[in-house]
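Reviewing the structure listed below.
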Amino acid sequence: MAAIADPVDKFSILPIKIPGTASYPTAALHEVRVRRNAPKIPTANDSRSLFLKNIPADSTEPHFRAVFTELVGAGRFEAITFEDETKSSLPVDPAQATKITALARKRKRGDIEAEEREREEEALQLPHIWLRGLQRSSSTAIVLLADEKSVQLVLKAITKVHKTKKYPTWGSGLAEETPSLGSSWVASHLQLSRVDKHATQKAVHAFFNAFNRKEKEAAELAKRLRNEPDEDGFVTVTRGGRVAPAGRNEAEEAKRKMVERDEKKKSELKDFYRFQLRERRKAEQAALLRSFEEDKRKVSAMREKRGKFRPET
């Protein structure tokens with residue numbers, strides 16, 4: 001049996017018992033590597049998620065739900081995202097719409113808009129031709145748990161599994177929840193490949209309707225951005241130029257903001273370093289000395305002038 005934790009990549013190894021089948025009646029152990037999720041770009045759910053490596057090829061969400069239920073009980077497992085899962089919103093969004101939306105920095109969609117978007121994405125999906133997908137060899141996945149405590153419980157349960165040798169069984173308690181593989185799976189694929197013409201046409205029309213609508217929204221947003229200066233007083237440069245020249249008031253306001261911003265930057269940088277403070281004090285002392293010398297010369301000149309004065313007798 002392999003070690004519990006690999007010192008190189010700090011993974012914990014979760015052995016899963018694969019039961020025998022009719023074609024291969026001998027049971028086997030499959031090792032899944034598990035560690036805390038630490039992506040390059042952090043997200044809000046990193047503290048309560050786990051990164052899995054080398055998952056079985058026939059992995060599904062019900063399979064891992066059953067495994068984690070056997071480890072830490074029900075209610076801890078929320079969802080799993082596999083490596084090969086694609087996002088439907090990526091090809092639907094036009095490139096211009098994506099750029100303009102980024103420039104606009106619009107607020108997040110409300111709950112109603114999010115529900116409408118989900119319904120729209122469901123409508124534009126083509127009919128599925130596979131009842132169940134397969135993962136590539138040594139694939140990865142991210143498991144989302146209920147909270148950070150659940151992550152700690154899972155890691156402790158993996159350590160305990162190595163001591164008790166009671167490994168979770170793959171596919172136990174699934175019943176009819178997951179379609180079976182084999183000849184029936186291939187036969188269902190061949191049957192589903194003959195898709196309904198009306199359903200396919202409906203999905204294609206929904207796709208292009210959503211695409212055209214987003215392009216129209218992007219064009220309207222770009223038109224509005226041409227006439228609205230941002231917080232720095234600049235107007236976003238977009239394809240097609242400005243619809244109308246900027247007003248005099250807008251230009252003066254933008255110029256005033258730029259001057260204020262420059263003055264603020266200069267004041268922040270003044271006396272930022274110690275040598276700048278020393279040089280300023282030396283300059284002030286030199287100016288005081290020059291002023292003192294000038295005043296001395298003036299006093300001397302006044303005394304000389306007063307000494308030469310001869311009152312009339």
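Numbering starts fresh at 1 for the residues of each chain in the structure tokens, the chains themselves are lettered A, B, ... in the order given, and ligands are numbered from 1 as they appear.
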
Contacts of range 109-163 of chain A with range 29-47 of chain A up to 8 Å, shortest pair per row, only C-alpha atoms, as CSV:
```
residue,atom,partner,partner_atom,distance
A:Ile142,CA,A:Asn37,CA,7.4
A:Leu144,CA,A:Asn45,CA,7.6
A:Asp147,CA,A:Ser47,CA,7.7
A:Glu148,CA,A:Ser47,CA,5.7
A:Val151,CA,A:Arg36,CA,7.7
```

- Message: At a cut-off of 12 Å, using only C-alpha atoms, what residues contact range 12-20 of chain A? Leave out same-chain residues fewer than 4 positions from it and give the result as a ChimeraX atom specification.
- Response: /A:1-8,24-36,50-59,63-64,66-68,70-71,154-172

Write a file of the selected residues as a short mmCIF file (atom, residue, chain, number, x, y, z; two decimals), in the first residue's frame, keeping C-alpha atoms.
```
data_model
loop_
_atom_site.label_atom_id
_atom_site.label_comp_id
_atom_site.auth_asym_id
_atom_site.auth_seq_id
_atom_site.Cartn_x
_atom_site.Cartn_y
_atom_site.Cartn_z
CA MET A 1 0.00 0.00 0.00
CA ALA A 2 1.29 3.50 -0.81
CA ALA A 3 2.04 6.08 1.83
CA ILE A 4 -0.73 8.20 3.24
CA ALA A 5 0.78 11.49 2.11
CA ASP A 6 3.21 12.18 -0.69
CA PRO A 7 5.96 14.56 0.51
CA VAL A 8 6.43 15.99 -2.99
CA TYR A 24 -13.33 -9.28 -14.60
CA PRO A 25 -14.59 -10.80 -11.33
CA THR A 26 -11.55 -9.79 -9.22
CA ALA A 27 -11.86 -6.68 -7.04
CA ALA A 28 -9.20 -3.96 -7.28
CA LEU A 29 -8.04 -0.87 -5.41
CA HIS A 30 -7.97 2.50 -7.15
CA GLU A 31 -5.95 5.30 -5.54
CA VAL A 32 -7.36 8.82 -5.76
CA ARG A 33 -5.08 11.65 -4.67
CA VAL A 34 -6.76 14.29 -2.53
CA ARG A 35 -5.59 17.68 -1.22
CA ARG A 36 -7.01 21.09 -0.39
CA LEU A 50 -10.88 19.57 -2.40
CA PHE A 51 -8.79 18.86 -5.47
CA LEU A 52 -8.93 15.25 -6.71
CA LYS A 53 -6.41 13.63 -9.02
CA ASN A 54 -6.47 10.29 -10.83
CA ILE A 55 -10.24 9.79 -10.54
CA PRO A 56 -11.80 6.67 -12.10
CA ALA A 57 -12.77 6.85 -15.77
CA ASP A 58 -16.44 6.12 -15.04
CA SER A 59 -16.72 8.85 -12.39
CA HIS A 63 -20.42 7.95 -7.35
CA PHE A 64 -18.46 10.55 -5.40
CA ALA A 66 -21.73 7.92 -2.20
CA VAL A 67 -17.96 7.78 -1.46
CA PHE A 68 -17.98 10.94 0.66
CA GLU A 70 -19.42 6.64 3.38
CA LEU A 71 -16.44 8.62 4.65
CA VAL A 154 -12.63 14.20 5.01
CA LEU A 155 -8.84 14.43 5.37
CA LYS A 156 -9.03 12.84 8.83
CA ALA A 157 -11.32 10.11 7.50
CA ILE A 158 -8.78 9.30 4.76
CA THR A 159 -6.09 8.86 7.41
CA LYS A 160 -8.41 6.63 9.42
CA VAL A 161 -9.22 4.52 6.34
CA HIS A 162 -5.55 3.51 6.06
CA LYS A 163 -5.58 2.29 9.65
CA THR A 164 -8.87 0.37 9.56
CA LYS A 165 -8.46 -0.93 5.98
CA LYS A 166 -12.21 -0.32 5.47
CA TYR A 167 -12.07 1.28 2.05
CA PRO A 168 -15.15 2.87 0.47
CA THR A 169 -16.71 0.76 -2.28
CA TRP A 170 -17.11 2.32 -5.71
CA GLY A 171 -20.71 2.42 -6.89
CA SER A 172 -22.27 1.15 -3.66
#
```

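Taking CA of Leu181 in chain A and CA of Pro62 in chain A as endpoints, the distance between them is 14.6 Å.
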
- Nearest candidate to Leu153 in chain A (options A:Thr69, A:Ala203, A:Ala187, A:Glu118; using only C-alpha atoms):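 Checking each candidate against Leu153 in chain A, we get A:Thr69 as the closest.
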
- Task: Work out how far CA of Glu61 in chain A is from CA of Gly173 in chain A, in Å to one decimal.
- Result: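 A separation of 13.1 Å between them.
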
Could you pull the residues within 12 Å of Ser180 in chain A, counting only C-alpha atoms, minus those fewer than 5 positions along the same chain, as a PDB file with N, CA, C and O atoms, in the first residue's frame?
```pdb
ATOM      1  N   ASP A  58     -14.975   6.120 -15.015  1.00  0.00           N
ATOM      2  CA  ASP A  58     -16.437   6.123 -15.041  1.00  0.00           C
ATOM      3  C   ASP A  58     -17.022   6.981 -13.917  1.00  0.00           C
ATOM      4  O   ASP A  58     -18.131   6.724 -13.442  1.00  0.00           O
ATOM      5  N   SER A  59     -16.289   8.002 -13.507  1.00  0.00           N
ATOM      6  CA  SER A  59     -16.722   8.846 -12.387  1.00  0.00           C
ATOM      7  C   SER A  59     -17.970   9.652 -12.757  1.00  0.00           C
ATOM      8  O   SER A  59     -18.070  10.200 -13.863  1.00  0.00           O
ATOM      9  N   THR A  60     -18.873   9.749 -11.803  1.00  0.00           N
ATOM     10  CA  THR A  60     -20.041  10.616 -11.903  1.00  0.00           C
ATOM     11  C   THR A  60     -20.261  11.270 -10.539  1.00  0.00           C
ATOM     12  O   THR A  60     -19.662  10.877  -9.543  1.00  0.00           O
ATOM     13  N   TRP A 130     -25.435  11.082 -25.335  1.00  0.00           N
ATOM     14  CA  TRP A 130     -24.851  10.121 -24.408  1.00  0.00           C
ATOM     15  C   TRP A 130     -25.624  10.184 -23.102  1.00  0.00           C
ATOM     16  O   TRP A 130     -25.848  11.265 -22.561  1.00  0.00           O
ATOM     17  N   LEU A 131     -26.020   9.032 -22.573  1.00  0.00           N
ATOM     18  CA  LEU A 131     -26.695   9.004 -21.284  1.00  0.00           C
ATOM     19  C   LEU A 131     -25.729   9.258 -20.136  1.00  0.00           C
ATOM     20  O   LEU A 131     -26.133   9.720 -19.070  1.00  0.00           O
ATOM     21  N   ARG A 132     -24.468   8.975 -20.382  1.00  0.00           N
ATOM     22  CA  ARG A 132     -23.461   9.115 -19.332  1.00  0.00           C
ATOM     23  C   ARG A 132     -22.089   9.305 -19.961  1.00  0.00           C
ATOM     24  O   ARG A 132     -21.746   8.611 -20.922  1.00  0.00           O
ATOM     25  N   GLY A 133     -21.328  10.254 -19.443  1.00  0.00           N
ATOM     26  CA  GLY A 133     -20.015  10.523 -19.998  1.00  0.00           C
ATOM     27  C   GLY A 133     -18.916   9.743 -19.298  1.00  0.00           C
ATOM     28  O   GLY A 133     -19.122   9.180 -18.222  1.00  0.00           O
ATOM     29  N   LEU A 134     -17.762   9.709 -19.922  1.00  0.00           N
ATOM     30  CA  LEU A 134     -16.577   9.067 -19.353  1.00  0.00           C
ATOM     31  C   LEU A 134     -15.468  10.103 -19.209  1.00  0.00           C
ATOM     32  O   LEU A 134     -15.380  11.049 -19.990  1.00  0.00           O
ATOM     33  N   GLY A 171     -19.408   2.744  -6.321  1.00  0.00           N
ATOM     34  CA  GLY A 171     -20.714   2.420  -6.893  1.00  0.00           C
ATOM     35  C   GLY A 171     -21.682   1.787  -5.921  1.00  0.00           C
ATOM     36  O   GLY A 171     -22.746   1.317  -6.338  1.00  0.00           O
ATOM     37  N   LEU A 174     -25.893   3.024  -5.366  1.00  0.00           N
ATOM     38  CA  LEU A 174     -26.352   3.895  -6.445  1.00  0.00           C
ATOM     39  C   LEU A 174     -27.703   3.467  -6.996  1.00  0.00           C
ATOM     40  O   LEU A 174     -28.460   4.284  -7.501  1.00  0.00           O
ATOM     41  N   ALA A 175     -28.002   2.172  -6.921  1.00  0.00           N
ATOM     42  CA  ALA A 175     -29.261   1.616  -7.459  1.00  0.00           C
ATOM     43  C   ALA A 175     -29.384   1.992  -8.928  1.00  0.00           C
ATOM     44  O   ALA A 175     -28.472   1.781  -9.711  1.00  0.00           O
ATOM     45  N   TRP A 185     -25.294   0.879 -23.041  1.00  0.00           N
ATOM     46  CA  TRP A 185     -24.876   2.283 -23.119  1.00  0.00           C
ATOM     47  C   TRP A 185     -24.562   2.674 -24.563  1.00  0.00           C
ATOM     48  O   TRP A 185     -24.958   3.745 -25.033  1.00  0.00           O
ATOM     49  N   VAL A 186     -23.863   1.797 -25.285  1.00  0.00           N
ATOM     50  CA  VAL A 186     -23.535   2.072 -26.685  1.00  0.00           C
ATOM     51  C   VAL A 186     -24.805   2.050 -27.541  1.00  0.00           C
ATOM     52  O   VAL A 186     -24.991   2.881 -28.439  1.00  0.00           O
ATOM     53  N   ALA A 187     -25.700   1.104 -27.254  1.00  0.00           N
ATOM     54  CA  ALA A 187     -26.945   1.023 -28.018  1.00  0.00           C
ATOM     55  C   ALA A 187     -27.798   2.273 -27.826  1.00  0.00           C
ATOM     56  O   ALA A 187     -28.387   2.793 -28.788  1.00  0.00           O
ATOM     57  N   SER A 188     -27.839   2.785 -26.594  1.00  0.00           N
ATOM     58  CA  SER A 188     -28.602   4.015 -26.354  1.00  0.00           C
ATOM     59  C   SER A 188     -27.973   5.213 -27.067  1.00  0.00           C
ATOM     60  O   SER A 188     -28.677   6.096 -27.559  1.00  0.00           O
TER      61      SER A 188
END
```

- Item | Proximity to Arg213 in chain A - best of A:Glu115, A:Glu78, A:Asp84, A:Glu120, only C-alpha atoms | A:Glu120

- For Ala199 in chain A, which of A:Ala222, A:Val259, A:Leu124, A:Ala79 is the closest residue, counting only C-alpha atoms?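 Of A:Ala222, A:Val259, A:Leu124, A:Ala79, the one nearest Ala199 in chain A, counting only C-alpha atoms, is A:Leu124.
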
- Which one of A:Arg65, A:Arg48, A:Lys10, A:Lys214 sits closest to Glu177 in chain A if you count only C-alpha atoms?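 Closest residue, counting only C-alpha atoms: A:Arg65.
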